>>> print(open('structure12.pdb').read())   # PDB, C-alpha atoms, pLDDT in the B column
ATOM      1  CA  MET O  77      54.991  96.877  90.975  1.00 65.00           C
ATOM      2  CA  ARG O  78      55.223  95.467  87.446  1.00 70.00           C
ATOM      3  CA  ALA O  79      53.675  92.208  88.638  1.00 71.00           C
ATOM      4  CA  LEU O  80      50.371  93.867  89.573  1.00 67.00           C
ATOM      5  CA  PRO O  81      49.242  94.749  85.985  1.00 69.00           C
ATOM      6  CA  ILE O  82      50.339  91.308  84.764  1.00 73.00           C
ATOM      7  CA  CYS O  83      48.285  89.610  87.514  1.00 62.00           C
ATOM      8  CA  LEU O  84      45.238  91.734  86.697  1.00 62.00           C
ATOM      9  CA  VAL O  85      45.460  90.843  83.006  1.00 65.00           C
ATOM     10  CA  ALA O  86      45.791  87.151  83.911  1.00 66.00           C
ATOM     11  CA  VAL O  87      42.712  87.284  86.165  1.00 61.00           C
ATOM     12  CA  LEU O  88      40.658  89.085  83.512  1.00 62.00           C
ATOM     13  CA  LEU O  89      41.601  86.589  80.817  1.00 64.00           C
ATOM     14  CA  SER O  90      40.889  83.592  83.030  1.00 64.00           C
ATOM     15  CA  GLY O  91      37.420  84.987  83.805  1.00 60.00           C
ATOM     16  CA  CYS O  92      36.544  84.933  80.101  1.00 54.00           C
ATOM     17  CA  SER O  93      37.478  81.268  79.769  1.00 54.00           C
ATOM     18  CA  VAL O  94      34.635  80.269  82.107  1.00 51.00           C
ATOM     19  CA  LEU O  95      32.169  80.773  79.259  1.00 52.00           C
ATOM     20  CA  ASP O  96      32.455  77.369  77.622  1.00 54.00           C
ATOM     21  CA  ARG O  97      29.150  77.425  75.688  1.00 54.00           C
ATOM     22  CA  SER O  98      28.992  78.892  72.222  1.00 55.00           C
ATOM     23  CA  PRO O  99      26.523  81.807  71.908  1.00 55.00           C
ATOM     24  CA  VAL O 100      25.092  80.158  68.770  1.00 59.00           C
ATOM     25  CA  GLU O 101      24.060  76.926  70.512  1.00 59.00           C
ATOM     26  CA  PRO O 102      20.344  76.768  71.277  1.00 57.00           C
ATOM     27  CA  VAL O 103      19.437  76.540  74.930  1.00 58.00           C
ATOM     28  CA  GLN O 104      17.460  73.405  75.709  1.00 62.00           C
ATOM     29  CA  SER O 105      14.939  73.632  78.467  1.00 56.00           C
ATOM     30  CA  THR O 106      14.613  70.692  80.838  1.00 64.00           C
ATOM     31  CA  ALA O 107      11.318  71.940  82.249  1.00 59.00           C
ATOM     32  CA  THR O 108       8.132  70.195  81.178  1.00 59.00           C
ATOM     33  CA  PRO O 109       5.823  72.332  79.056  1.00 56.00           C
ATOM     34  CA  ALA O 110       3.019  73.925  81.017  1.00 58.00           C
ATOM     35  CA  LYS O 111      -0.445  72.555  80.435  1.00 62.00           C
ATOM     36  CA  ALA O 112      -2.870  74.957  78.893  1.00 60.00           C
ATOM     37  CA  GLU O 113      -5.321  76.052  81.560  1.00 59.00           C
ATOM     38  CA  PRO O 114      -8.917  76.766  80.654  1.00 63.00           C
ATOM     39  CA  ALA O 115      -9.550  80.438  80.111  1.00 62.00           C
ATOM     40  CA  LYS O 116     -10.784  82.157  83.240  1.00 63.00           C
ATOM     41  CA  PRO O 117     -13.760  84.420  82.829  1.00 62.00           C
ATOM     42  CA  LYS O 118     -12.695  88.041  83.024  1.00 63.00           C
ATOM     43  CA  ALA O 119     -13.788  89.983  86.056  1.00 58.00           C
ATOM     44  CA  THR O 120     -16.533  92.402  85.211  1.00 56.00           C
ATOM     45  CA  ARG O 121     -15.561  96.008  85.514  1.00 58.00           C
ATOM     46  CA  PRO O 122     -17.743  98.143  87.715  1.00 59.00           C
ATOM     47  CA  ALA O 123     -19.793 100.772  85.966  1.00 64.00           C
ATOM     48  CA  PRO O 124     -17.912 104.051  85.709  1.00 85.00           C
ATOM     49  CA  VAL O 125     -18.618 106.631  88.385  1.00 90.00           C
ATOM     50  CA  LYS O 126     -20.180 109.735  86.865  1.00 92.00           C
ATOM     51  CA  ILE O 127     -18.909 113.108  88.074  1.00 92.00           C
ATOM     52  CA  TYR O 128     -21.451 115.860  88.660  1.00 92.00           C
ATOM     53  CA  THR O 129     -19.931 119.321  88.957  1.00 93.00           C
ATOM     54  CA  ASN O 130     -23.221 121.142  89.541  1.00 91.00           C
ATOM     55  CA  ALA O 131     -25.741 120.156  92.230  1.00 89.00           C
ATOM     56  CA  GLU O 132     -28.589 121.393  90.013  1.00 91.00           C
ATOM     57  CA  ASP O 133     -27.947 118.434  87.694  1.00 89.00           C
ATOM     58  CA  LEU O 134     -29.233 116.156  90.467  1.00 89.00           C
ATOM     59  CA  VAL O 135     -32.570 117.947  90.892  1.00 90.00           C
ATOM     60  CA  GLY O 136     -35.402 115.478  90.310  1.00 90.00           C
ATOM     61  CA  LYS O 137     -33.125 112.433  90.517  1.00 90.00           C
ATOM     62  CA  PRO O 138     -33.436 110.287  93.629  1.00 92.00           C
ATOM     63  CA  PHE O 139     -30.038 109.670  95.208  1.00 92.00           C
ATOM     64  CA  ARG O 140     -28.441 108.555  98.443  1.00 93.00           C
ATOM     65  CA  ASP O 141     -25.377 110.290  99.907  1.00 94.00           C
ATOM     66  CA  LEU O 142     -22.771 107.661 100.873  1.00 93.00           C
ATOM     67  CA  GLY O 143     -20.260 110.075 102.409  1.00 95.00           C
ATOM     68  CA  GLU O 144     -17.300 112.245 101.539  1.00 96.00           C
ATOM     69  CA  VAL O 145     -14.656 110.940  99.177  1.00 96.00           C
ATOM     70  CA  SER O 146     -11.340 112.338  97.934  1.00 95.00           C
ATOM     71  CA  GLY O 147      -8.604 111.662  95.408  1.00 96.00           C
ATOM     72  CA  ASP O 148      -5.105 113.084  95.135  1.00 95.00           C
ATOM     73  CA  SER O 149      -2.005 113.327  92.968  1.00 95.00           C
ATOM     74  CA  CYS O 150       1.318 114.025  94.691  1.00 95.00           C
ATOM     75  CA  GLN O 151       4.511 115.677  93.451  1.00 94.00           C
ATOM     76  CA  ALA O 152       7.017 114.273  95.952  1.00 93.00           C
ATOM     77  CA  THR O 153       9.969 116.539  95.083  1.00 92.00           C
ATOM     78  CA  ASN O 154      10.635 119.619  93.016  1.00 91.00           C
ATOM     79  CA  GLN O 155      12.179 117.445  90.260  1.00 93.00           C
ATOM     80  CA  ASP O 156       9.137 115.145  89.898  1.00 92.00           C
ATOM     81  CA  SER O 157       6.331 115.740  87.430  1.00 93.00           C
ATOM     82  CA  PRO O 158       3.737 118.241  88.690  1.00 94.00           C
ATOM     83  CA  PRO O 159       0.541 117.045  90.345  1.00 94.00           C
ATOM     84  CA  ASN O 160      -2.134 116.117  87.840  1.00 94.00           C
ATOM     85  CA  MET O 161      -5.793 117.166  88.256  1.00 95.00           C
ATOM     86  CA  PRO O 162      -7.185 114.436  85.934  1.00 95.00           C
ATOM     87  CA  THR O 163      -5.311 111.827  87.997  1.00 95.00           C
ATOM     88  CA  ALA O 164      -6.793 113.253  91.216  1.00 95.00           C
ATOM     89  CA  ARG O 165     -10.294 113.105  89.656  1.00 95.00           C
ATOM     90  CA  LYS O 166      -9.750 109.515  88.484  1.00 95.00           C
ATOM     91  CA  ARG O 167      -8.653 108.480  91.984  1.00 95.00           C
ATOM     92  CA  LEU O 168     -11.736 110.240  93.358  1.00 95.00           C
ATOM     93  CA  GLN O 169     -13.873 108.058  91.074  1.00 95.00           C
ATOM     94  CA  ILE O 170     -11.982 104.897  92.089  1.00 95.00           C
ATOM     95  CA  ASN O 171     -12.428 105.653  95.788  1.00 95.00           C
ATOM     96  CA  ALA O 172     -16.132 106.350  95.227  1.00 95.00           C
ATOM     97  CA  SER O 173     -16.569 103.026  93.408  1.00 94.00           C
ATOM     98  CA  LYS O 174     -15.035 101.279  96.425  1.00 94.00           C
ATOM     99  CA  MET O 175     -17.901 102.788  98.436  1.00 93.00           C
ATOM    100  CA  LYS O 176     -20.371 101.253  95.905  1.00 93.00           C
ATOM    101  CA  ALA O 177     -21.231 104.695  94.504  1.00 93.00           C
ATOM    102  CA  ASN O 178     -22.212 105.296  90.897  1.00 93.00           C
ATOM    103  CA  ALA O 179     -21.774 109.089  90.967  1.00 94.00           C
ATOM    104  CA  VAL O 180     -19.800 111.831  92.684  1.00 96.00           C
ATOM    105  CA  LEU O 181     -20.814 115.420  93.316  1.00 95.00           C
ATOM    106  CA  LEU O 182     -17.511 117.263  92.945  1.00 95.00           C
ATOM    107  CA  HIS O 183     -17.050 119.964  95.597  1.00 95.00           C
ATOM    108  CA  SER O 184     -13.536 121.200  94.788  1.00 95.00           C
ATOM    109  CA  CYS O 185     -10.240 120.426  93.099  1.00 95.00           C
ATOM    110  CA  GLU O 186      -7.187 122.413  94.104  1.00 95.00           C
ATOM    111  CA  VAL O 187      -3.396 122.303  94.163  1.00 95.00           C
ATOM    112  CA  THR O 188      -1.842 122.755  97.599  1.00 93.00           C
ATOM    113  CA  SER O 189       1.703 123.101  98.901  1.00 91.00           C
ATOM    114  CA  GLY O 190       3.232 122.083 102.197  1.00 85.00           C
ATOM    115  CA  THR O 191       1.480 118.738 102.563  1.00 87.00           C
ATOM    116  CA  PRO O 192       3.757 116.313 104.476  1.00 91.00           C
ATOM    117  CA  GLY O 193       5.404 113.948 101.978  1.00 91.00           C
ATOM    118  CA  CYS O 194       4.449 116.057  98.934  1.00 92.00           C
ATOM    119  CA  TYR O 195       6.118 119.113  97.453  1.00 93.00           C
ATOM    120  CA  ARG O 196       2.796 119.983  95.782  1.00 95.00           C
ATOM    121  CA  GLN O 197      -0.450 118.029  95.770  1.00 95.00           C
ATOM    122  CA  ALA O 198      -3.637 118.089  93.683  1.00 96.00           C
ATOM    123  CA  VAL O 199      -6.676 117.134  95.782  1.00 96.00           C
ATOM    124  CA  CYS O 200     -10.263 116.624  94.645  1.00 96.00           C
ATOM    125  CA  VAL O 201     -13.052 116.318  97.232  1.00 97.00           C
ATOM    126  CA  GLY O 202     -16.670 115.346  96.673  1.00 96.00           C
ATOM    127  CA  SER O 203     -19.663 113.399  97.905  1.00 95.00           C
ATOM    128  CA  ALA O 204     -20.099 109.771  96.878  1.00 96.00           C
ATOM    129  CA  LEU O 205     -23.653 109.209  95.663  1.00 95.00           C
ATOM    130  CA  ASN O 206     -25.837 106.325  94.647  1.00 94.00           C
ATOM    131  CA  VAL O 207     -28.171 107.800  92.021  1.00 92.00           C
ATOM    132  CA  SER O 208     -31.259 105.741  91.236  1.00 88.00           C
ATOM    133  CA  ALA O 209     -32.308 105.158  87.634  1.00 75.00           C
ATOM    134  CA  LYS O 210     -35.862 106.452  88.279  1.00 65.00           C
TER     135      LYS O 210
END
>>> encode(input="structure12.pdb", output="structure tokens")
Amino acid sequence: MRALPICLVAVLLSGCSVLDRSPVEPVQSTATPAKAEPAKPKATRPAPVKIYTNAEDLVGKPFRDLGEVSGDSCQATNQDSPPNMPTARKRLQINASKMKANAVLLHSCEVTSGTPGCYRQAVCVGSALNVSAK
């Protein structure tokens, strides 16, 4: 029984002797330095999608309805951060931009419970629109 602690100490000490390099020595890289690549042009960001909360704001503006769009923010468990309405709105805008829309008419934003996979969920629903400049 006395041999067991002595063996453990011997194994621990022998493991430390594997480090043969001094921590002060600089590490020399054998890899060749990477060639500087020409700068790639940055991708242009799409124009931000404007959110209309009132349909009367669209009176007199020609627009085309591209379909319904939604965005959500999920609180997976009770311990997670609560669902966030601004995040749900931002995702609504992102999903509308994927439909080539430049505006969204916001129908509703609400927090729901009992959604499969989410303890609570913030959901925003609206219509994706393409509003003409005229």
>>> closest_residue(input="structure12.pdb", among="O:Ile170, O:Leu182, O:Ala177, O:Ala152", to="Ser208 of chain O", atoms="all atoms listed in the file")
O:Ala177
>>> resolve_selection(input="structure12.pdb", expression="the PyMOL selection byres ((chain O and resi 185) around 10)", output="ChimeraX atom specification")
/O:146-148,161-162,164-165,182-184,186-188,198-202
>>> closest_residue(input="structure12.pdb", among="O:Val125, O:Cys150, O:Leu134, O:Val207", to="Lys174 of chain O", atoms="only C-alpha atoms")
O:Val125
>>> atom_distance(input="structure12.pdb", atom1="atom CA of Lys176 of chain O", atom2="atom CA of Thr163 of chain O")
20.0 Å
>>> resolve_selection(input="structure12.pdb", expression="the PyMOL selection byres ((chain O and resi 180) around 7)", output="ChimeraX atom specification")
/O:125-128,179,181-182,202-205
>>> closest_residue(input="structure12.pdb", among="O:Met175, O:Arg140, O:Arg167, O:Thr153", to="Pro192 of chain O", atoms="all atoms listed in the file")
O:Thr153
>>> resolve_selection(input="structure12.pdb", expression="the PyMOL selection byres ((chain O and resi 136) around 12)", output="PyMOL selection string")
chain O and resi 131-135+137-139+207-210
>>> atom_distance(input="structure12.pdb", atom1="atom CA of Gly143 of chain O", atom2="atom CA of Gln169 of chain O")
13.2 Å
>>> atom_distance(input="structure12.pdb", atom1="atom CA of Glu144 of chain O", atom2="atom CA of Asn178 of chain O")
13.6 Å
>>> closest_residue(input="structure12.pdb", among="O:Ser189, O:Asn130, O:Asn171, O:Asn206", to="Asn154 of chain O", atoms="all atoms listed in the file")
O:Ser189
>>> closest_residue(input="structure12.pdb", among="O:Lys166, O:Gln151, O:Asp156, O:Ser173", to="Gly193 of chain O", atoms="all atoms listed in the file")
O:Gln151
